[in-house]
file start.cif (mmCIF, N, CA and C atoms and all ligand atoms)
data_start
loop_
_atom_site.label_atom_id
_atom_site.label_comp_id
_atom_site.auth_asym_id
_atom_site.auth_seq_id
_atom_site.Cartn_x
_atom_site.Cartn_y
_atom_site.Cartn_z
N MET F 1 73.66 192.14 118.16
CA MET F 1 74.04 190.79 118.61
C MET F 1 74.83 190.08 117.51
N TYR F 2 75.82 189.29 117.91
CA TYR F 2 76.64 188.57 116.94
C TYR F 2 75.81 187.52 116.21
N LYS F 3 75.90 187.54 114.88
CA LYS F 3 75.08 186.62 114.09
C LYS F 3 75.99 185.63 113.36
N ILE F 4 75.75 184.35 113.60
CA ILE F 4 76.56 183.35 112.90
C ILE F 4 75.99 183.18 111.50
N LYS F 5 76.83 183.41 110.49
CA LYS F 5 76.39 183.26 109.10
C LYS F 5 76.22 181.78 108.79
N GLU F 6 75.34 181.50 107.79
CA GLU F 6 75.02 180.10 107.47
C GLU F 6 76.27 179.23 107.19
N GLY F 7 77.23 179.77 106.43
CA GLY F 7 78.43 179.01 106.09
C GLY F 7 79.29 178.73 107.32
N MET F 8 79.31 179.69 108.23
CA MET F 8 80.10 179.58 109.46
C MET F 8 79.55 178.46 110.35
N LEU F 9 78.22 178.43 110.44
CA LEU F 9 77.58 177.39 111.26
C LEU F 9 77.87 176.00 110.67
N ALA F 10 77.82 175.90 109.33
CA ALA F 10 78.10 174.63 108.66
C ALA F 10 79.55 174.22 108.93
N TRP F 11 80.45 175.20 108.94
CA TRP F 11 81.88 174.95 109.18
C TRP F 11 82.08 174.39 110.60
N ILE F 12 81.41 175.02 111.57
CA ILE F 12 81.52 174.56 112.97
C ILE F 12 80.93 173.16 113.10
N LEU F 13 79.74 172.96 112.52
CA LEU F 13 79.08 171.65 112.62
C LEU F 13 79.91 170.56 111.94
N HIS F 14 80.58 170.92 110.84
CA HIS F 14 81.40 169.93 110.13
C HIS F 14 82.54 169.45 111.02
N LYS F 15 83.18 170.39 111.75
CA LYS F 15 84.29 170.03 112.65
C LYS F 15 83.76 169.15 113.78
N ILE F 16 82.67 169.60 114.41
CA ILE F 16 82.12 168.85 115.55
C ILE F 16 81.72 167.44 115.12
N THR F 17 81.01 167.32 113.98
CA THR F 17 80.55 166.00 113.56
C THR F 17 81.72 165.11 113.13
N GLY F 18 82.71 165.69 112.47
CA GLY F 18 83.90 164.90 112.05
C GLY F 18 84.59 164.30 113.27
N ILE F 19 84.79 165.13 114.30
CA ILE F 19 85.48 164.65 115.51
C ILE F 19 84.59 163.65 116.26
N ALA F 20 83.27 163.92 116.27
CA ALA F 20 82.34 163.02 116.97
C ALA F 20 82.32 161.63 116.31
N ILE F 21 82.41 161.59 114.96
CA ILE F 21 82.39 160.29 114.28
C ILE F 21 83.67 159.50 114.61
N VAL F 22 84.80 160.20 114.65
CA VAL F 22 86.06 159.53 115.02
C VAL F 22 85.94 159.00 116.46
N ALA F 23 85.39 159.84 117.37
CA ALA F 23 85.22 159.41 118.77
C ALA F 23 84.32 158.19 118.84
N PHE F 24 83.25 158.19 118.03
CA PHE F 24 82.35 157.02 118.02
C PHE F 24 83.11 155.78 117.55
N LEU F 25 83.92 155.92 116.51
CA LEU F 25 84.63 154.74 115.98
C LEU F 25 85.56 154.14 117.05
N ILE F 26 86.23 155.02 117.80
CA ILE F 26 87.12 154.54 118.87
C ILE F 26 86.29 153.80 119.92
N PHE F 27 85.17 154.41 120.33
CA PHE F 27 84.29 153.79 121.32
C PHE F 27 83.75 152.45 120.79
N HIS F 28 83.39 152.44 119.51
CA HIS F 28 82.82 151.24 118.90
C HIS F 28 83.82 150.07 118.92
N ILE F 29 85.06 150.35 118.57
CA ILE F 29 86.09 149.30 118.57
C ILE F 29 86.31 148.80 120.01
N TRP F 30 86.34 149.73 120.96
CA TRP F 30 86.52 149.37 122.38
C TRP F 30 85.35 148.48 122.84
N SER F 31 84.13 148.86 122.50
CA SER F 31 82.99 148.07 122.98
C SER F 31 82.91 146.71 122.27
N MET F 32 83.36 146.63 121.02
CA MET F 32 83.42 145.34 120.31
C MET F 32 84.43 144.42 121.01
N SER F 33 85.53 145.00 121.47
CA SER F 33 86.54 144.17 122.13
C SER F 33 86.00 143.65 123.47
N LYS F 34 85.16 144.46 124.14
CA LYS F 34 84.52 144.01 125.39
C LYS F 34 83.56 142.86 125.10
N MET F 35 82.81 143.00 124.01
CA MET F 35 81.81 141.99 123.64
C MET F 35 82.42 140.63 123.34
N SER F 36 83.63 140.66 122.84
CA SER F 36 84.26 139.41 122.40
C SER F 36 84.79 138.58 123.57
N LYS F 37 84.56 139.04 124.81
CA LYS F 37 85.10 138.32 125.98
C LYS F 37 84.24 137.12 126.39
N GLY F 38 83.11 136.93 125.75
CA GLY F 38 82.26 135.78 126.07
C GLY F 38 80.79 136.13 126.02
N PRO F 39 79.90 135.11 126.13
CA PRO F 39 78.46 135.35 126.00
C PRO F 39 77.90 136.34 127.01
N GLU F 40 78.38 136.27 128.29
CA GLU F 40 77.86 137.20 129.32
C GLU F 40 78.24 138.64 128.97
N ALA F 41 79.49 138.82 128.59
CA ALA F 41 79.97 140.16 128.24
C ALA F 41 79.20 140.68 127.02
N PHE F 42 78.97 139.80 126.06
CA PHE F 42 78.22 140.17 124.85
C PHE F 42 76.83 140.69 125.23
N ASN F 43 76.12 139.89 126.05
CA ASN F 43 74.76 140.27 126.45
C ASN F 43 74.75 141.57 127.26
N ALA F 44 75.75 141.75 128.12
CA ALA F 44 75.80 142.95 128.96
C ALA F 44 75.93 144.20 128.07
N VAL F 45 76.79 144.11 127.06
CA VAL F 45 76.98 145.26 126.17
C VAL F 45 75.68 145.54 125.39
N ILE F 46 75.05 144.47 124.90
CA ILE F 46 73.80 144.62 124.15
C ILE F 46 72.72 145.28 125.02
N GLU F 47 72.65 144.87 126.30
CA GLU F 47 71.67 145.48 127.22
C GLU F 47 71.93 146.97 127.39
N THR F 48 73.22 147.33 127.46
CA THR F 48 73.56 148.76 127.60
C THR F 48 73.11 149.53 126.36
N TYR F 49 73.27 148.92 125.19
CA TYR F 49 72.87 149.58 123.95
C TYR F 49 71.36 149.83 123.89
N LYS F 50 70.61 149.03 124.66
CA LYS F 50 69.15 149.17 124.62
C LYS F 50 68.63 150.30 125.51
N THR F 51 69.50 150.88 126.34
CA THR F 51 69.05 151.94 127.25
C THR F 51 68.72 153.21 126.45
N PRO F 52 67.77 154.03 126.95
CA PRO F 52 67.38 155.25 126.22
C PRO F 52 68.56 156.17 125.89
N LEU F 53 69.52 156.24 126.80
CA LEU F 53 70.68 157.12 126.58
C LEU F 53 71.46 156.68 125.34
N PHE F 54 71.71 155.38 125.22
CA PHE F 54 72.47 154.87 124.08
C PHE F 54 71.66 154.96 122.79
N ARG F 55 70.35 154.71 122.91
CA ARG F 55 69.51 154.80 121.71
C ARG F 55 69.47 156.25 121.21
N ALA F 56 69.39 157.20 122.15
CA ALA F 56 69.41 158.61 121.76
C ALA F 56 70.76 158.96 121.13
N GLY F 57 71.84 158.37 121.66
CA GLY F 57 73.18 158.59 121.10
C GLY F 57 73.27 158.07 119.67
N GLU F 58 72.65 156.92 119.40
CA GLU F 58 72.67 156.36 118.05
C GLU F 58 71.91 157.26 117.07
N VAL F 59 70.80 157.81 117.55
CA VAL F 59 70.01 158.71 116.70
C VAL F 59 70.82 159.98 116.41
N LEU F 60 71.49 160.50 117.45
CA LEU F 60 72.34 161.68 117.26
C LEU F 60 73.47 161.40 116.28
N LEU F 61 74.02 160.17 116.38
CA LEU F 61 75.10 159.78 115.48
C LEU F 61 74.62 159.81 114.03
N LEU F 62 73.39 159.33 113.81
CA LEU F 62 72.81 159.37 112.46
C LEU F 62 72.81 160.82 111.94
N GLY F 63 72.35 161.74 112.80
CA GLY F 63 72.31 163.15 112.40
C GLY F 63 73.69 163.67 112.06
N GLY F 64 74.68 163.32 112.88
CA GLY F 64 76.06 163.77 112.66
C GLY F 64 76.62 163.22 111.36
N VAL F 65 76.41 161.93 111.12
CA VAL F 65 76.93 161.29 109.90
C VAL F 65 76.27 161.90 108.65
N LEU F 66 74.94 162.08 108.73
CA LEU F 66 74.21 162.64 107.59
C LEU F 66 74.72 164.05 107.27
N PHE F 67 74.82 164.89 108.30
CA PHE F 67 75.27 166.25 108.07
C PHE F 67 76.69 166.26 107.52
N HIS F 68 77.59 165.49 108.15
CA HIS F 68 78.99 165.49 107.74
C HIS F 68 79.14 165.02 106.30
N ALA F 69 78.43 163.94 105.95
CA ALA F 69 78.55 163.38 104.60
C ALA F 69 78.02 164.37 103.55
N LEU F 70 76.83 164.93 103.80
CA LEU F 70 76.23 165.84 102.81
C LEU F 70 77.01 167.16 102.73
N ASN F 71 77.38 167.69 103.88
CA ASN F 71 78.14 168.94 103.87
C ASN F 71 79.52 168.72 103.26
N GLY F 72 80.10 167.54 103.52
CA GLY F 72 81.40 167.20 102.92
C GLY F 72 81.30 167.16 101.41
N MET F 73 80.21 166.60 100.89
CA MET F 73 80.04 166.54 99.43
C MET F 73 79.85 167.95 98.86
N ARG F 74 79.15 168.81 99.64
CA ARG F 74 78.99 170.21 99.22
C ARG F 74 80.36 170.90 99.14
N LEU F 75 81.20 170.65 100.16
CA LEU F 75 82.53 171.27 100.18
C LEU F 75 83.37 170.81 98.99
N ILE F 76 83.29 169.49 98.71
CA ILE F 76 84.07 168.94 97.59
C ILE F 76 83.58 169.54 96.26
N LEU F 77 82.25 169.65 96.13
CA LEU F 77 81.67 170.25 94.92
C LEU F 77 82.18 171.69 94.75
N GLY F 78 82.26 172.41 95.86
CA GLY F 78 82.75 173.79 95.83
C GLY F 78 84.21 173.88 95.42
N GLU F 79 84.99 172.83 95.72
CA GLU F 79 86.41 172.81 95.34
C GLU F 79 86.56 172.65 93.83
N PHE F 80 85.60 171.94 93.23
CA PHE F 80 85.77 171.58 91.81
C PHE F 80 84.94 172.39 90.83
N THR F 81 83.87 173.05 91.30
CA THR F 81 83.05 173.80 90.34
C THR F 81 82.83 175.23 90.79
N ALA F 82 82.92 176.14 89.82
CA ALA F 82 82.68 177.56 90.10
C ALA F 82 81.20 177.76 90.42
N TRP F 83 80.35 176.92 89.81
CA TRP F 83 78.90 177.01 90.02
C TRP F 83 78.56 176.85 91.50
N ALA F 84 79.15 175.82 92.13
CA ALA F 84 78.85 175.55 93.54
C ALA F 84 79.35 176.70 94.43
N MET F 85 80.44 177.33 94.04
CA MET F 85 80.96 178.47 94.81
C MET F 85 79.97 179.64 94.72
N LYS F 86 79.42 179.82 93.51
CA LYS F 86 78.47 180.92 93.28
C LYS F 86 77.16 180.67 94.03
N GLN F 87 76.76 179.39 94.08
CA GLN F 87 75.49 179.01 94.71
C GLN F 87 75.69 178.62 96.18
N HIS F 88 76.75 179.11 96.78
CA HIS F 88 77.12 178.74 98.14
C HIS F 88 75.97 178.74 99.14
N LYS F 89 75.26 179.89 99.18
CA LYS F 89 74.18 180.05 100.16
C LYS F 89 73.07 179.02 99.95
N LEU F 90 72.66 178.86 98.68
CA LEU F 90 71.60 177.91 98.34
C LEU F 90 72.02 176.49 98.74
N LEU F 91 73.27 176.14 98.43
CA LEU F 91 73.74 174.78 98.73
C LEU F 91 73.85 174.52 100.24
N VAL F 92 74.21 175.57 100.99
CA VAL F 92 74.26 175.41 102.46
C VAL F 92 72.86 175.11 102.98
N TYR F 93 71.88 175.90 102.50
CA TYR F 93 70.50 175.66 102.96
C TYR F 93 69.98 174.31 102.50
N LEU F 94 70.34 173.91 101.26
CA LEU F 94 69.92 172.59 100.76
C LEU F 94 70.51 171.48 101.64
N THR F 95 71.75 171.67 102.07
CA THR F 95 72.41 170.69 102.94
C THR F 95 71.63 170.55 104.25
N TYR F 96 71.27 171.70 104.84
CA TYR F 96 70.51 171.66 106.10
C TYR F 96 69.16 170.96 105.90
N ILE F 97 68.48 171.31 104.81
CA ILE F 97 67.14 170.76 104.57
C ILE F 97 67.20 169.26 104.32
N LEU F 98 68.14 168.84 103.43
CA LEU F 98 68.25 167.42 103.09
C LEU F 98 68.70 166.60 104.30
N ALA F 99 69.72 167.10 105.00
CA ALA F 99 70.21 166.37 106.18
C ALA F 99 69.11 166.32 107.24
N GLY F 100 68.39 167.44 107.41
CA GLY F 100 67.32 167.49 108.41
C GLY F 100 66.20 166.53 108.08
N ALA F 101 65.79 166.50 106.80
CA ALA F 101 64.69 165.62 106.39
C ALA F 101 65.09 164.15 106.54
N LEU F 102 66.28 163.80 106.05
CA LEU F 102 66.74 162.41 106.16
C LEU F 102 66.89 162.01 107.63
N PHE F 103 67.34 162.97 108.43
CA PHE F 103 67.50 162.70 109.86
C PHE F 103 66.15 162.40 110.51
N LEU F 104 65.14 163.21 110.19
CA LEU F 104 63.82 163.00 110.81
C LEU F 104 63.25 161.63 110.44
N VAL F 105 63.36 161.26 109.16
CA VAL F 105 62.84 159.96 108.71
C VAL F 105 63.63 158.83 109.39
N GLY F 106 64.95 158.93 109.35
CA GLY F 106 65.80 157.89 109.94
C GLY F 106 65.58 157.78 111.45
N ALA F 107 65.49 158.93 112.12
CA ALA F 107 65.31 158.93 113.58
C ALA F 107 63.99 158.27 113.94
N TRP F 108 62.98 158.52 113.14
CA TRP F 108 61.66 157.94 113.40
C TRP F 108 61.72 156.42 113.32
N PHE F 109 62.36 155.91 112.25
CA PHE F 109 62.49 154.45 112.10
C PHE F 109 63.34 153.84 113.22
N MET F 110 64.42 154.54 113.58
CA MET F 110 65.31 154.00 114.61
C MET F 110 64.61 153.96 115.96
N TRP F 111 63.87 155.03 116.27
CA TRP F 111 63.27 155.14 117.60
C TRP F 111 62.13 154.15 117.80
N ARG F 112 61.38 153.88 116.69
CA ARG F 112 60.23 152.97 116.84
C ARG F 112 60.65 151.49 116.75
N ALA F 113 61.88 151.23 116.29
CA ALA F 113 62.35 149.85 116.19
C ALA F 113 62.52 149.27 117.59
N GLU F 114 62.36 147.97 117.71
CA GLU F 114 62.55 147.28 119.00
C GLU F 114 63.95 147.55 119.51
N GLY F 115 64.09 147.91 120.76
CA GLY F 115 65.41 148.19 121.32
C GLY F 115 66.23 146.96 121.55
C1 LIG F 201 80.58 160.61 102.78
C2 LIG F 201 81.48 160.68 103.77
C3 LIG F 201 82.35 161.87 104.06
C4 LIG F 201 82.58 163.00 103.34
C5 LIG F 201 82.01 163.40 101.98
C6 LIG F 201 83.54 163.81 104.10
C7 LIG F 201 84.06 165.02 103.69
C8 LIG F 201 84.94 165.77 104.42
C9 LIG F 201 85.58 166.99 103.95
C10 LIG F 201 85.39 167.62 102.58
C11 LIG F 201 86.37 167.46 104.95
C12 LIG F 201 87.26 168.71 104.94
C13 LIG F 201 86.51 169.89 105.52
C14 LIG F 201 87.27 171.19 105.36
O1 LIG F 201 88.01 171.36 104.40
O2 LIG F 201 87.10 172.07 106.25
C15 LIG F 201 86.24 166.54 106.07
C16 LIG F 201 86.86 166.70 107.30
C17 LIG F 201 86.85 165.76 108.29
N1 LIG F 201 86.21 164.54 108.27
FE1 LIG F 201 84.97 163.89 106.80
N2 LIG F 201 83.85 163.17 105.27
C18 LIG F 201 83.15 161.97 105.28
C19 LIG F 201 83.18 161.01 106.25
C20 LIG F 201 83.93 161.07 107.42
C21 LIG F 201 84.02 160.03 108.41
C22 LIG F 201 83.35 158.65 108.30
C23 LIG F 201 84.80 160.50 109.41
C24 LIG F 201 85.23 159.86 110.68
C25 LIG F 201 85.67 158.64 110.74
C26 LIG F 201 85.21 161.84 109.06
C27 LIG F 201 85.99 162.65 109.83
C28 LIG F 201 86.44 163.89 109.47
C29 LIG F 201 87.27 164.74 110.31
C30 LIG F 201 87.76 164.43 111.72
C31 LIG F 201 87.50 165.91 109.57
C32 LIG F 201 88.32 167.11 109.99
C33 LIG F 201 87.38 168.11 110.61
C34 LIG F 201 87.98 169.46 110.54
O3 LIG F 201 88.82 169.79 111.38
O4 LIG F 201 87.59 170.20 109.62
N3 LIG F 201 84.66 162.16 107.84
N4 LIG F 201 85.35 165.55 105.72
#
call {"tool": "encode", "arguments": {"input": "start.cif", "output": "C-alpha cells", "more": "lines below"}}
Ligand code: HEM
result
Amino acid sequence: MYKIKEGMLAWILHKITGIAIVAFLIFHIWSMSKMSKGPEAFNAVIETYKTPLFRAGEVLLLGGVLFHALNGMRLILGEFTAWAMKQHKLLVYLTYILAGALFLVGAWFMWRAEG
C-alpha cells in the first residue's frame, strides 16, 4: 500500500492550510462588509457565527493556523541551518505534536466559551 512519508504529509497540509487561511481572510472581509450595513445586519451575522457549524469552522481554523505557522517556521529553519535539515524527521514530528497539543488546548477553550 502507498505510504505517505511524514514530510510529504506536512507538505500537503502546509498547502491546504495556506490556501484555507487565504480563503478565510476573503470570507472574513466579505462578512465584515455585510456587518457594516447596520445594527440588524450586524446582529444577523453574529447569530450565524454562533451556530455549531461556524463554531466548528473557527476551531478548525485554529488548527490550520497553528499547523501552518509552526510548520512554516520549521521550513524556514531548514532553509537557514544544516542542523534542521539533518533533524528533519524529528522536527516534523515535533511540529505535529506541538501543533496538536496547542490545538487541543485552544479548541477546548474555544468550544466551552459562550457562543
Ligand atoms: C507565522 C506565520 C506564517 C509562517 C511562518 C508561514 C510560512 C510559510 C512558508 C515557509 C511557506 C512556503 C512553503 C514552501 O516553501 O513550500 C508558506 C507558504 C504559504 N503561506 Fe504561509 N506562513 C505564515 C502565515 C501565513 C498566513 C497568515 C497565510 C494566509 C493569509 C499564509 C498563506 C500561505 C500560502 C497560501 C502559502 C503557499 C502554499 C503553497 O503553495 O505552498 N501563510 N508559508
call {"tool": "residues_near_ligand", "arguments": {"input": "start.cif", "ligand": "ligand LIG 201 (chain F)", "cutoff": "6 Å", "atoms": "only C-alpha atoms and all ligand atoms", "output": "MDAnalysis selection string"}}
result
chainID F and resid 15 18:19 21:22 68:69 72:73 75:76
call {"tool": "residues_near_point", "arguments": {"input": "start.cif", "point": "(78.3, 171.9, 95.9)", "cutoff": "7 Å", "atoms": "all atoms listed in the file", "output": "PyMOL selection string"}}
result
chain F and resi 73-79+83-85+91
call {"tool": "closest_residue", "arguments": {"input": "start.cif", "among": "F:Tyr96, F:Phe109, F:Phe80, F:Trp30", "to": "Glu58 of chain F", "atoms": "only C-alpha atoms"}}
result
F:Phe109
call {"tool": "residues_around", "arguments": {"input": "start.cif", "residues": "Trp11 of chain F", "least_positions_apart": "5", "cutoff": "9 Å", "atoms": "only C-alpha atoms", "output": "ChimeraX atom specification"}}
result
/F:6,16,71
call {"tool": "atom_distance", "arguments": {"input": "start.cif", "atom1": "atom CA of Tyr49 of chain F", "atom2": "atom CA of Val65 of chain F"}}
result
18.7 Å
call {"tool": "residues_around", "arguments": {"input": "start.cif", "residues": "segment 103-106 of chain F", "least_positions_apart": "6", "cutoff": "9 Å", "atoms": "only C-alpha atoms", "output": "ChimeraX atom specification"}}
result
/F:59-60,62-63,66-67
call {"tool": "closest_residue", "arguments": {"input": "start.cif", "among": "F:Leu98, F:Ser36, F:Arg55, F:Gly64", "to": "Thr17 of chain F", "atoms": "all atoms listed in the file"}}
result
F:Gly64
call {"tool": "atom_distance", "arguments": {"input": "start.cif", "atom1": "atom CA of Gly7 of chain F", "atom2": "atom CA of His88 of chain F"}}
result
8.1 Å
call {"tool": "atom_distance", "arguments": {"input": "start.cif", "atom1": "atom CA of Phe24 of chain F", "atom2": "atom CA of Asn43 of chain F"}}
result
20.2 Å
